[in-house]
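Shown below: entry31.txt, with compact mmCIF, C-alpha atoms.
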```txt
# COMPACT_ATOMS: atom_id res chain seq x y z
CA MET A 9 12.16 -4.20 -3.83
CA ALA A 10 9.45 -6.46 -2.51
CA ILE A 11 8.76 -8.06 0.86
CA CYS A 12 11.22 -10.95 1.02
CA PHE A 13 10.83 -14.57 2.15
CA GLN A 14 12.74 -17.82 1.60
CA PHE A 15 12.65 -19.07 -1.99
CA GLN A 16 10.06 -21.78 -2.48
CA SER A 17 10.88 -23.05 -5.97
CA PRO A 18 13.00 -22.13 -9.00
CA LEU A 19 11.63 -19.51 -11.34
CA LYS A 20 9.88 -20.97 -14.36
CA PRO A 21 9.46 -19.32 -17.76
CA ILE A 22 5.90 -18.48 -18.75
CA ASN A 23 4.34 -19.01 -22.15
CA PHE A 24 1.24 -17.02 -23.03
CA PRO A 25 -0.42 -15.49 -26.08
CA SER A 26 0.99 -12.13 -27.11
CA SER A 27 -1.24 -9.12 -26.58
CA THR A 28 -3.22 -7.84 -29.52
CA THR A 29 -3.53 -4.42 -27.94
CA LYS A 30 -1.23 -1.83 -29.46
CA LYS A 31 0.32 0.25 -26.72
CA VAL A 32 0.81 3.95 -27.31
CA PRO A 33 3.88 5.42 -25.62
CA ILE A 34 3.07 7.90 -22.87
CA PHE A 35 5.66 10.59 -22.41
CA LYS A 36 4.38 12.24 -19.27
CA CYS A 37 1.88 11.06 -16.68
CA LYS A 38 0.35 12.91 -13.76
CA ALA A 39 -2.22 11.14 -11.61
CA SER A 40 -3.79 11.04 -8.17
CA PHE A 41 -5.88 8.39 -6.42
CA SER A 42 -9.56 9.31 -6.90
CA THR A 43 -12.79 8.11 -8.49
CA THR A 44 -12.63 8.82 -12.21
CA THR A 45 -16.26 8.17 -13.14
CA THR A 46 -19.45 9.47 -11.54
CA THR A 47 -21.74 6.95 -13.23
CA GLU A 48 -21.30 3.26 -12.58
CA LEU A 49 -19.89 1.18 -15.40
CA GLU A 50 -21.30 -2.08 -16.68
CA PRO A 51 -18.88 -5.00 -17.11
CA VAL A 52 -18.06 -5.96 -20.69
CA PHE A 53 -16.73 -9.40 -19.70
CA THR A 54 -17.99 -12.04 -17.27
CA SER A 55 -14.40 -13.10 -16.62
CA VAL A 56 -10.89 -12.08 -17.66
CA LYS A 57 -7.33 -13.28 -17.21
CA SER A 58 -4.39 -10.88 -17.10
CA PHE A 59 -0.61 -11.09 -16.90
CA ALA A 60 2.01 -8.71 -15.50
CA PRO A 61 5.78 -9.14 -15.91
CA ALA A 62 8.67 -9.30 -13.51
CA THR A 63 10.69 -6.12 -13.11
CA VAL A 64 14.23 -5.03 -12.31
CA ALA A 65 14.23 -1.94 -10.10
CA ASN A 66 17.00 0.61 -9.46
CA LEU A 67 19.22 -0.53 -12.34
CA GLY A 68 22.28 0.43 -10.31
CA PRO A 69 22.36 4.21 -9.79
CA GLY A 70 18.60 4.70 -10.29
CA PHE A 71 17.47 3.92 -6.72
CA ASP A 72 13.67 4.29 -6.52
CA PHE A 73 13.40 6.10 -9.87
CA LEU A 74 14.44 3.66 -12.63
CA GLY A 75 13.04 0.25 -13.52
CA ALA A 76 12.56 -2.18 -16.41
CA ALA A 77 10.15 -5.01 -17.24
CA VAL A 78 11.42 -8.54 -17.96
CA ASP A 79 9.85 -10.79 -20.58
CA GLY A 80 8.48 -14.28 -19.86
CA LEU A 81 8.28 -14.13 -16.06
CA GLY A 82 5.42 -12.81 -13.96
CA ASP A 83 2.04 -13.31 -12.32
CA PHE A 84 -1.43 -14.11 -13.62
CA VAL A 85 -4.76 -12.89 -12.22
CA SER A 86 -8.14 -14.38 -13.16
CA LEU A 87 -11.14 -12.23 -12.28
CA SER A 88 -14.86 -12.88 -12.63
CA ILE A 89 -18.22 -11.38 -11.76
CA ASP A 90 -19.46 -13.31 -8.73
CA PRO A 91 -23.06 -12.86 -7.47
CA SER A 92 -22.08 -14.50 -4.16
CA VAL A 93 -19.67 -11.65 -3.38
CA SER A 94 -21.10 -8.49 -1.83
CA PRO A 95 -21.52 -5.67 -4.40
CA GLY A 96 -18.51 -3.37 -4.53
CA HIS A 97 -16.26 -5.96 -2.90
CA VAL A 98 -13.63 -8.44 -4.07
CA THR A 99 -12.76 -11.83 -2.62
CA ILE A 100 -9.65 -13.92 -3.26
CA SER A 101 -10.88 -17.43 -3.97
CA GLU A 102 -7.55 -19.06 -4.77
CA ILE A 103 -3.79 -18.45 -4.60
CA SER A 104 -1.39 -20.81 -6.33
CA GLY A 105 2.41 -20.74 -6.39
CA SER A 106 2.78 -19.47 -2.82
CA SER A 107 1.56 -20.59 0.60
CA LYS A 108 2.69 -17.41 2.39
CA LEU A 109 0.23 -14.89 0.96
CA SER A 110 -2.91 -13.83 2.78
CA PRO A 111 -6.26 -14.53 1.07
CA ASN A 112 -7.63 -11.42 2.76
CA PRO A 113 -7.84 -8.82 -0.05
CA LEU A 114 -7.02 -6.03 2.42
CA PHE A 115 -3.63 -7.63 3.11
CA ASN A 116 -2.84 -9.02 -0.32
CA CYS A 117 -1.13 -6.90 -3.00
CA ALA A 118 -3.47 -8.15 -5.74
CA GLY A 119 -6.52 -7.54 -3.56
CA ILE A 120 -5.43 -4.02 -2.56
CA ALA A 121 -4.81 -3.03 -6.20
CA ALA A 122 -8.11 -4.56 -7.30
CA ILE A 123 -10.01 -2.59 -4.65
CA ALA A 124 -8.19 0.62 -5.59
CA THR A 125 -9.09 0.12 -9.26
CA MET A 126 -12.73 -0.62 -8.39
CA LYS A 127 -12.87 2.67 -6.48
CA MET A 128 -11.42 4.55 -9.43
CA LEU A 129 -14.07 3.03 -11.69
CA ASN A 130 -16.85 3.59 -9.15
CA VAL A 131 -17.80 -0.11 -9.16
CA ARG A 132 -20.54 -0.53 -6.54
CA SER A 133 -23.10 -3.01 -7.91
CA PHE A 134 -20.89 -5.98 -8.73
CA GLY A 135 -18.87 -8.34 -6.56
CA LEU A 136 -15.67 -9.84 -7.95
CA SER A 137 -13.85 -13.11 -7.36
CA LEU A 138 -10.07 -13.16 -7.91
CA LYS A 139 -7.60 -15.99 -8.44
CA LEU A 140 -3.87 -15.25 -8.19
CA GLU A 141 -1.24 -17.40 -9.89
CA LYS A 142 2.23 -16.54 -8.61
CA GLY A 143 4.91 -17.07 -11.22
CA LEU A 144 7.45 -15.11 -9.17
CA PRO A 145 8.81 -16.27 -5.80
CA LEU A 146 8.27 -13.83 -2.96
CA GLY A 147 11.31 -11.74 -2.19
CA SER A 148 13.05 -12.55 -5.44
CA GLY A 149 14.13 -8.97 -6.11
CA LEU A 150 12.07 -9.15 -9.30
CA GLY A 151 9.02 -7.13 -8.30
CA SER A 152 6.82 -9.97 -7.07
CA SER A 153 4.33 -7.75 -5.26
CA ALA A 154 4.22 -5.28 -8.16
CA ALA A 155 3.46 -8.05 -10.68
CA SER A 156 0.47 -9.19 -8.64
CA ALA A 157 -0.76 -5.63 -8.18
CA ALA A 158 -0.35 -4.73 -11.87
CA ALA A 159 -2.11 -7.88 -13.06
CA ALA A 160 -5.02 -7.25 -10.67
CA ALA A 161 -5.41 -3.59 -11.64
CA VAL A 162 -5.41 -4.45 -15.35
CA ALA A 163 -7.91 -7.29 -14.81
CA VAL A 164 -10.44 -5.02 -13.08
CA ASN A 165 -9.96 -2.29 -15.65
CA GLU A 166 -10.44 -4.65 -18.60
CA LEU A 167 -13.48 -6.28 -17.01
CA PHE A 168 -15.20 -2.89 -17.03
CA GLY A 169 -14.18 -1.73 -20.49
CA ALA A 170 -10.60 -0.49 -20.03
CA LYS A 171 -11.57 3.06 -19.07
CA LEU A 172 -8.40 3.83 -17.10
CA GLY A 173 -5.06 4.82 -18.62
CA VAL A 174 -1.75 3.27 -17.66
CA ASP A 175 -0.91 6.21 -15.39
CA GLN A 176 -4.06 5.56 -13.35
CA LEU A 177 -3.30 1.84 -13.21
CA VAL A 178 0.16 2.67 -11.85
CA VAL A 179 -1.49 4.76 -9.13
CA ALA A 180 -3.78 1.84 -8.22
CA GLY A 181 -0.78 -0.48 -8.06
CA LEU A 182 1.19 2.06 -6.07
CA GLU A 183 -1.60 2.00 -3.48
CA SER A 184 -0.78 -1.67 -3.04
CA GLU A 185 2.99 -1.21 -3.05
CA ALA A 186 2.74 1.51 -0.39
CA LYS A 187 0.98 -0.89 1.99
CA VAL A 188 2.99 -4.00 1.17
CA SER A 189 6.58 -3.01 0.35
CA GLY A 190 6.87 0.78 0.53
CA TYR A 191 5.96 3.81 -1.57
CA HIS A 192 8.14 3.33 -4.63
CA ALA A 193 7.10 3.07 -8.28
CA ASP A 194 10.22 1.62 -9.88
CA ASN A 195 8.62 -1.85 -9.94
CA ILE A 196 4.95 -1.09 -10.44
CA ALA A 197 5.45 1.46 -13.25
CA PRO A 198 7.38 -0.87 -15.58
CA ALA A 199 5.14 -3.79 -14.56
CA VAL A 200 2.13 -1.84 -15.85
CA MET A 201 3.75 0.07 -18.72
CA GLY A 202 6.48 -2.30 -19.90
CA GLY A 203 9.96 -1.34 -21.08
CA PHE A 204 12.18 1.05 -19.15
CA VAL A 205 10.48 3.70 -17.02
CA LEU A 206 11.86 6.79 -15.30
CA ILE A 207 9.95 8.13 -12.28
CA LYS A 208 10.51 11.86 -12.71
CA SER A 209 8.56 12.85 -9.61
CA TYR A 210 6.53 11.31 -6.82
CA ASP A 211 4.64 14.44 -5.81
CA PRO A 212 2.97 14.76 -8.21
CA LEU A 213 3.59 11.36 -9.77
CA GLU A 214 5.24 11.82 -13.17
CA LEU A 215 6.35 8.86 -15.29
CA LYS A 216 8.56 8.87 -18.35
CA PRO A 217 8.80 5.81 -20.61
CA LEU A 218 12.30 5.33 -21.99
CA ILE A 219 12.05 3.67 -25.39
CA PHE A 220 14.82 1.16 -26.07
CA PRO A 221 15.31 0.85 -29.86
CA GLN A 222 13.45 -2.07 -31.44
CA ASN A 223 16.40 -3.04 -33.64
CA GLN A 224 18.81 -3.52 -30.72
CA GLU A 225 19.29 -6.73 -28.77
CA LEU A 226 19.25 -6.62 -24.97
CA PHE A 227 19.27 -9.57 -22.59
CA PHE A 228 18.98 -9.59 -18.81
CA ILE A 229 20.92 -12.33 -17.05
CA LEU A 230 19.01 -13.00 -13.83
CA VAL A 231 20.59 -15.16 -11.12
CA SER A 232 18.42 -15.77 -8.07
CA PRO A 233 19.96 -17.43 -4.99
CA GLU A 234 18.13 -19.26 -2.25
CA PHE A 235 18.43 -16.51 0.30
CA GLU A 236 16.25 -14.19 2.36
CA ALA A 237 16.90 -10.45 2.07
CA PRO A 238 14.03 -8.56 3.77
CA THR A 239 13.35 -5.20 2.18
CA LYS A 240 13.21 -3.45 5.56
CA LYS A 241 16.66 -4.80 6.43
CA MET A 242 18.05 -3.84 3.03
CA ARG A 243 16.61 -0.32 3.29
CA ALA A 244 17.87 0.05 6.86
CA ALA A 245 21.40 -0.58 5.56
CA LEU A 246 21.30 2.54 3.41
CA PRO A 247 23.06 5.72 4.56
CA ALA A 248 20.89 8.55 5.91
CA GLU A 249 23.22 11.08 4.29
CA ILE A 250 25.65 10.95 1.38
CA GLY A 251 28.61 13.07 0.39
CA MET A 252 28.49 15.47 -2.53
CA PRO A 253 31.06 13.50 -4.62
CA HIS A 254 28.94 10.34 -4.48
CA HIS A 255 25.80 12.34 -5.20
CA VAL A 256 27.36 13.89 -8.29
CA TRP A 257 28.75 10.54 -9.45
CA ASN A 258 25.45 8.66 -9.10
CA CYS A 259 23.51 11.44 -10.81
CA SER A 260 25.92 11.41 -13.75
CA GLN A 261 25.73 7.62 -14.03
CA ALA A 262 21.93 7.61 -13.88
CA GLY A 263 21.96 10.15 -16.69
CA ALA A 264 24.38 7.97 -18.63
CA LEU A 265 22.10 4.97 -18.13
CA VAL A 266 19.06 6.86 -19.46
CA ALA A 267 21.05 8.06 -22.48
CA SER A 268 22.28 4.51 -23.13
CA VAL A 269 18.73 3.13 -23.03
CA LEU A 270 17.47 5.73 -25.51
CA GLU A 271 20.45 5.17 -27.82
CA GLY A 272 20.29 1.37 -27.60
CA ASP A 273 23.84 1.34 -26.25
CA VAL A 274 23.97 -1.92 -24.27
CA VAL A 275 27.65 -1.52 -23.43
CA GLY A 276 27.03 1.95 -22.00
CA LEU A 277 23.94 0.67 -20.19
CA GLY A 278 25.97 -2.07 -18.56
CA LYS A 279 28.74 0.30 -17.53
CA ALA A 280 26.26 2.65 -15.87
CA LEU A 281 24.39 -0.30 -14.30
CA SER A 282 27.61 -1.31 -12.52
CA SER A 283 28.48 2.16 -11.26
CA ASP A 284 26.37 2.73 -8.14
CA LYS A 285 28.45 4.10 -5.25
CA ILE A 286 25.63 4.68 -2.76
CA VAL A 287 23.20 1.73 -2.48
CA GLU A 288 24.96 -1.33 -3.85
CA PRO A 289 28.09 -0.98 -1.68
CA LYS A 290 25.88 -1.12 1.44
CA ARG A 291 23.62 -3.95 0.27
CA ALA A 292 26.03 -6.28 -1.51
CA PRO A 293 27.84 -7.39 1.67
CA LEU A 294 24.48 -8.50 3.10
CA ILE A 295 23.99 -11.01 0.26
CA PRO A 296 26.59 -13.81 0.56
CA GLY A 297 28.70 -14.02 -2.56
CA MET A 298 27.17 -11.01 -4.33
CA GLU A 299 30.43 -9.13 -4.78
CA ALA A 300 32.08 -12.25 -6.23
CA VAL A 301 29.08 -12.82 -8.49
CA LYS A 302 29.44 -9.34 -9.94
CA LYS A 303 33.14 -9.87 -10.58
CA ALA A 304 32.44 -13.25 -12.19
CA ALA A 305 29.79 -11.74 -14.47
CA ILE A 306 32.12 -8.96 -15.68
CA LYS A 307 35.03 -11.36 -16.13
CA ALA A 308 32.82 -13.68 -18.20
CA GLY A 309 31.89 -10.85 -20.55
CA ALA A 310 28.82 -9.15 -19.11
CA PHE A 311 28.62 -5.44 -19.90
CA GLY A 312 27.52 -4.74 -16.33
CA CYS A 313 26.05 -6.29 -13.19
CA THR A 314 24.26 -5.11 -10.05
CA ILE A 315 21.60 -6.11 -7.53
CA SER A 316 18.03 -6.31 -8.83
CA GLY A 317 15.86 -4.22 -6.54
CA ALA A 318 16.60 -4.99 -2.90
CA GLY A 319 17.98 -8.39 -3.90
CA PRO A 320 18.94 -11.12 -3.60
CA THR A 321 18.75 -11.57 -7.41
CA ALA A 322 21.79 -10.38 -9.35
CA VAL A 323 21.17 -8.88 -12.79
CA ALA A 324 23.69 -8.53 -15.60
CA VAL A 325 23.23 -7.34 -19.19
CA ILE A 326 24.54 -8.54 -22.54
CA ASP A 327 23.53 -8.34 -26.21
CA ASN A 328 23.78 -12.06 -27.05
CA GLU A 329 21.58 -14.79 -25.57
CA GLU A 330 24.09 -17.64 -25.84
CA GLU A 331 26.79 -15.54 -24.23
CA GLY A 332 24.27 -14.66 -21.54
CA LYS A 333 23.76 -18.33 -20.70
CA LYS A 334 27.51 -18.82 -20.26
CA ILE A 335 27.75 -15.74 -18.06
CA GLY A 336 24.80 -16.93 -15.99
CA GLN A 337 26.54 -20.24 -15.32
CA LYS A 338 29.63 -18.41 -14.05
CA MET A 339 27.44 -16.32 -11.77
CA VAL A 340 25.74 -19.45 -10.40
CA GLU A 341 29.17 -20.95 -9.69
CA ALA A 342 30.27 -17.80 -7.88
CA PHE A 343 27.19 -17.80 -5.66
CA LEU A 344 27.90 -21.42 -4.73
CA GLU A 345 31.66 -21.10 -4.26
CA GLU A 346 31.80 -17.73 -2.51
CA GLY A 347 28.37 -17.41 -0.93
CA HIS A 348 27.61 -21.11 -0.42
CA LEU A 349 24.20 -20.49 -1.98
CA ARG A 350 22.42 -22.47 -4.64
CA SER A 351 20.91 -20.32 -7.36
CA VAL A 352 19.11 -20.45 -10.69
CA ALA A 353 20.06 -18.45 -13.80
CA MET A 354 17.85 -17.27 -16.64
CA VAL A 355 18.42 -15.09 -19.69
CA LYS A 356 15.44 -12.91 -20.60
CA LYS A 357 14.57 -10.11 -23.01
CA LEU A 358 13.01 -6.75 -22.22
CA ASP A 359 9.21 -6.87 -21.90
CA ARG A 360 8.00 -3.96 -24.02
CA VAL A 361 4.26 -4.41 -23.38
CA GLY A 362 3.71 -4.54 -19.62
CA ALA A 363 0.57 -5.81 -17.90
CA ARG A 364 -2.08 -6.97 -20.35
CA LEU A 365 -5.30 -8.89 -20.90
CA ILE A 366 -4.67 -12.37 -22.27
CA GLU A 367 -8.15 -13.94 -22.04
CA GLY A 368 -11.70 -12.66 -21.74
CA VAL A 369 -15.20 -14.13 -21.82
CA PRO A 370 -17.66 -11.53 -23.24
CA ARG A 371 -20.73 -10.81 -21.19
```
Go through the file and emit its structure as structure tokens.
Amino acid sequence: MAICFQFQSPLKPINFPSSTTKKVPIFKCKASFSTTTTTELEPVFTSVKSFAPATVANLGPGFDFLGAAVDGLGDFVSLSIDPSVSPGHVTISEISGSSKLSPNPLFNCAGIAAIATMKMLNVRSFGLSLKLEKGLPLGSGLGSSAASAAAAAVAVNELFGAKLGVDQLVVAGLESEAKVSGYHADNIAPAVMGGFVLIKSYDPLELKPLIFPQNQELFFILVSPEFEAPTKKMRAALPAEIGMPHHVWNCSQAGALVASVLEGDVVGLGKALSSDKIVEPKRAPLIPGMEAVKKAAIKAGAFGCTISGAGPTAVAVIDNEEEGKKIGQKMVEAFLEEGHLRSVAMVKKLDRVGARLIEGVPR
């Protein structure tokens, strides 16, 4: 569910130090975009580096209200106090991993989120310089814009003492998403918070973390083809109205998916993931080979398969990593044979942490 462009390079796993910050689950969040401090804060670091993970939005029947974070893939943001930048402003000094993104912070998802976070913190006397490292290809269906926004919001917040909660960071990131890829939180919320997240309401914004049991294994099989699937085109394909039977079915399957997450039932999760009768049937035909890829994944042993976000990435679930690799290979073959598209497969765990600080230079 991000603005989509042609793939530039295969996705690469990311290795980084694990966060030392212990995250406290938040069971209900309500937030609005506004300044949260009346006195200006002093920075506690001269520079920081943050990371935010890839995400899988929708999860089948959860269109625009369910999402999950994926471990080992994502974007990095480096942020520093820069006397050459006008106070209260941010400049993007470098972008790596993509040649298509604007360095203008007003038109860049990381820049927009950074500015929104600065406003929340009432930062007026310091100018900031931002470097964006894209680990996710644009338009991958893995929350590329949300990862940049989440990493930027966390970087600004950490630079000034981490005064904002995760709900406020989601709001800052949502400011970016609204301008770049549409007003939806099913990527930005899990990118910031980690794990599975349910968006209970948009007005007011209410977020519900769904805690997948620590003792259960869950692997996402992600297969990304070289294909362009613009979000506007994919949203335009959706029906303006739906029948009551499909409404009832999708609601029941979304409920089943939530229950499966909370119970650690990967088989049930996969079954619900595969059950969408409203969005996937309209989008799958627009991605060459997608329907065959789903069939290949299920035949090879996946518990379920659907489109990740607006696509073109296909996502399947399993509880065994080695089995996941075999399933991924079958999905790659199906994309090539039926859709005539080359693709890359990865098997990744659930990211339970979300966006975090990974480096900081004290002031």
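Here the question is which of A:Pro253, A:Pro221, A:Gly309, A:Gly319 gets nearest to A:Gly272 using all atoms listed in the file, and that residue is A:Pro221.
Distance-wise, atom CA of A:Leu218 and atom CA of A:Leu270 end up 6.3 Å apart.
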**Study point:** Polymer residues at most 12 Å from A:Glu330, all atoms listed in the file, same-chain spacing of 5 or more positions, as a list in words
**Key:** Phe227, Phe228, Ile229, Gly309, Ala310, Ile335, Gly336, Gln337, Met354, Val355 and Lys356 of chain A
Practice item. Quick one: pull the distance between atom CA of A:Glu102 and atom CA of A:Lys139, Å, one decimal. Key: 4.8 Å
Review point. At what distance in Å, to one decimal, does atom CA of A:Ile89 lie from atom CA of A:Pro111?
Key: 17.8 Å
Practice item. Would you kindly return, as a ChimeraX atom specification, each protein, DNA or RNA residue with an atom no farther than 9 Å from any atom of A:Ile100, considering all atoms listed in the file and excluding same-chain residues fewer than 3 positions away? Key: /A:103,111-113,116,118-119,136-140
Point to revise | Top pick for closest residue to A:Glu214, considering A:Ile286, A:Leu365, A:Ala248, A:Val179 and counting all atoms listed in the file | key: A:Val179
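Counting all atoms listed in the file and comparing A:Thr47, A:Ala155, A:Gly332, A:Leu182, the residue that lies closest to A:Arg132 is A:Thr47.
Candidate residues A:Ser260, A:Thr99, A:Ser148, A:Ser153 were compared for distance to A:Ala199, and the nearest is A:Ser153, using all atoms listed in the file.
Summary of the local environment: counting only C-alpha atoms, residues at most 7 Å from A:Pro61, other than itself and those fewer than 6 positions away along its chain, are Ala77, Val78, Asp79, Leu81, Gly82, Asp83, Ala155, Ala199, Gly362 and Ala363 of chain A.
Here the question is which of A:Thr54, A:Lys127, A:Ala60, A:Ala163 gets nearest to A:Gly143 using all atoms listed in the file, and that residue is A:Ala60.
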Exercise for review: Pick out the closest residue to A:Val231 from this set: A:Ile207, A:Ala300, A:Ala322, A:Ala154. Count only C-alpha atoms.
Suggested key: A:Ala322
Could you work out an axis-aligned bounding box for all listed atoms of stretch 304-312 of chain A, with 8 Å added on each of the six sides, and give its centre and edge lengths in Å to one decimal, as JSON?
```
{"center_x": 31.3, "center_y": -9.2, "center_z": -16.4, "size_x": 23.5, "size_y": 24.9, "size_z": 24.4}
```
A:Pro198: which residues within 7 Å, counting all atoms listed in the file, same-chain residues fewer than 6 positions away excluded, as a PDB file with C-alpha atoms, keeping the file's coordinate frame?
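Result file follows (result-v3.pdb):
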```pdb
ATOM      1  CA  THR A  63      10.690  -6.120 -13.110  1.00  0.00           C
ATOM      2  CA  GLY A  75      13.040   0.250 -13.520  1.00  0.00           C
ATOM      3  CA  ALA A  76      12.560  -2.180 -16.410  1.00  0.00           C
ATOM      4  CA  ALA A  77      10.150  -5.010 -17.240  1.00  0.00           C
ATOM      5  CA  PHE A 204      12.180   1.050 -19.150  1.00  0.00           C
ATOM      6  CA  VAL A 205      10.480   3.700 -17.020  1.00  0.00           C
ATOM      7  CA  GLY A 362       3.710  -4.540 -19.620  1.00  0.00           C
TER       8      GLY A 362
END
```
Point to revise | Surrounding residues of A:Glu299 excluding itself and chain neighbours under 6 positions, 12 Å, all atoms listed in the file, as a ChimeraX atom specification | key: /A:282,288-293,305-306,313-315,320,322,339,342-343,346-347
Where atoms are lacking, stretch 344-351 of chain A completed to all heavy atoms, as a PDB file, keeping the file's coordinate frame:
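Written output follows (out-v8.pdb):
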```
ATOM      1  N   LEU A 344      27.679 -20.164  -5.467  1.00  0.00           N
ATOM      2  CA  LEU A 344      27.900 -21.420  -4.730  1.00  0.00           C
ATOM      3  C   LEU A 344      29.264 -21.436  -4.062  1.00  0.00           C
ATOM      4  O   LEU A 344      29.385 -21.792  -2.877  1.00  0.00           O
ATOM      5  CB  LEU A 344      27.762 -22.601  -5.689  1.00  0.00           C
ATOM      6  CG  LEU A 344      27.816 -24.001  -5.050  1.00  0.00           C
ATOM      7  CD1 LEU A 344      26.701 -24.175  -4.037  1.00  0.00           C
ATOM      8  CD2 LEU A 344      27.736 -25.075  -6.124  1.00  0.00           C
ATOM      9  N   GLU A 345      30.299 -21.027  -4.793  1.00  0.00           N
ATOM     10  CA  GLU A 345      31.660 -21.100  -4.260  1.00  0.00           C
ATOM     11  C   GLU A 345      31.944 -20.050  -3.201  1.00  0.00           C
ATOM     12  O   GLU A 345      32.578 -20.336  -2.186  1.00  0.00           O
ATOM     13  CB  GLU A 345      32.659 -20.948  -5.417  1.00  0.00           C
ATOM     14  CG  GLU A 345      32.636 -22.118  -6.393  1.00  0.00           C
ATOM     15  CD  GLU A 345      33.491 -21.872  -7.621  1.00  0.00           C
ATOM     16  OE1 GLU A 345      34.177 -20.817  -7.665  1.00  0.00           O
ATOM     17  OE2 GLU A 345      33.474 -22.713  -8.546  1.00  0.00           O
ATOM     18  N   GLU A 346      31.482 -18.819  -3.424  1.00  0.00           N
ATOM     19  CA  GLU A 346      31.800 -17.730  -2.510  1.00  0.00           C
ATOM     20  C   GLU A 346      30.715 -17.463  -1.467  1.00  0.00           C
ATOM     21  O   GLU A 346      31.012 -17.061  -0.344  1.00  0.00           O
ATOM     22  CB  GLU A 346      32.065 -16.448  -3.302  1.00  0.00           C
ATOM     23  CG  GLU A 346      33.218 -16.548  -4.277  1.00  0.00           C
ATOM     24  CD  GLU A 346      34.556 -16.779  -3.582  1.00  0.00           C
ATOM     25  OE1 GLU A 346      34.723 -16.308  -2.432  1.00  0.00           O
ATOM     26  OE2 GLU A 346      35.427 -17.430  -4.194  1.00  0.00           O
ATOM     27  N   GLY A 347      29.468 -17.673  -1.864  1.00  0.00           N
ATOM     28  CA  GLY A 347      28.370 -17.410  -0.930  1.00  0.00           C
ATOM     29  C   GLY A 347      27.746 -18.649  -0.344  1.00  0.00           C
ATOM     30  O   GLY A 347      26.891 -18.560   0.550  1.00  0.00           O
ATOM     31  N   HIS A 348      28.166 -19.832  -0.863  1.00  0.00           N
ATOM     32  CA  HIS A 348      27.610 -21.110  -0.420  1.00  0.00           C
ATOM     33  C   HIS A 348      26.090 -21.141  -0.585  1.00  0.00           C
ATOM     34  O   HIS A 348      25.357 -21.682   0.249  1.00  0.00           O
ATOM     35  CB  HIS A 348      27.994 -21.405   1.032  1.00  0.00           C
ATOM     36  CG  HIS A 348      29.472 -21.322   1.284  1.00  0.00           C
ATOM     37  ND1 HIS A 348      30.377 -22.221   0.758  1.00  0.00           N
ATOM     38  CD2 HIS A 348      30.204 -20.407   1.973  1.00  0.00           C
ATOM     39  CE1 HIS A 348      31.606 -21.884   1.119  1.00  0.00           C
ATOM     40  NE2 HIS A 348      31.536 -20.779   1.850  1.00  0.00           N
ATOM     41  N   LEU A 349      25.619 -20.539  -1.688  1.00  0.00           N
ATOM     42  CA  LEU A 349      24.200 -20.490  -1.980  1.00  0.00           C
ATOM     43  C   LEU A 349      23.916 -21.130  -3.331  1.00  0.00           C
ATOM     44  O   LEU A 349      24.611 -20.869  -4.305  1.00  0.00           O
ATOM     45  CB  LEU A 349      23.705 -19.034  -2.026  1.00  0.00           C
ATOM     46  CG  LEU A 349      23.784 -18.206  -0.741  1.00  0.00           C
ATOM     47  CD1 LEU A 349      23.356 -16.772  -1.026  1.00  0.00           C
ATOM     48  CD2 LEU A 349      22.919 -18.813   0.355  1.00  0.00           C
ATOM     49  N   ARG A 350      22.887 -21.962  -3.362  1.00  0.00           N
ATOM     50  CA  ARG A 350      22.420 -22.470  -4.640  1.00  0.00           C
ATOM     51  C   ARG A 350      21.603 -21.368  -5.318  1.00  0.00           C
ATOM     52  O   ARG A 350      20.949 -20.571  -4.652  1.00  0.00           O
ATOM     53  CB  ARG A 350      21.554 -23.714  -4.442  1.00  0.00           C
ATOM     54  CG  ARG A 350      22.328 -24.928  -3.943  1.00  0.00           C
ATOM     55  CD  ARG A 350      21.404 -26.120  -3.783  1.00  0.00           C
ATOM     56  NE  ARG A 350      20.367 -25.849  -2.797  1.00  0.00           N
ATOM     57  CZ  ARG A 350      19.340 -26.670  -2.549  1.00  0.00           C
ATOM     58  NH1 ARG A 350      19.203 -27.782  -3.244  1.00  0.00           N
ATOM     59  NH2 ARG A 350      18.447 -26.353  -1.632  1.00  0.00           N
ATOM     60  N   SER A 351      21.635 -21.357  -6.633  1.00  0.00           N
ATOM     61  CA  SER A 351      20.910 -20.320  -7.360  1.00  0.00           C
ATOM     62  C   SER A 351      20.474 -20.844  -8.714  1.00  0.00           C
ATOM     63  O   SER A 351      20.929 -21.904  -9.163  1.00  0.00           O
ATOM     64  CB  SER A 351      21.787 -19.065  -7.535  1.00  0.00           C
ATOM     65  OG  SER A 351      22.975 -19.382  -8.242  1.00  0.00           O
TER      66      SER A 351
END
```
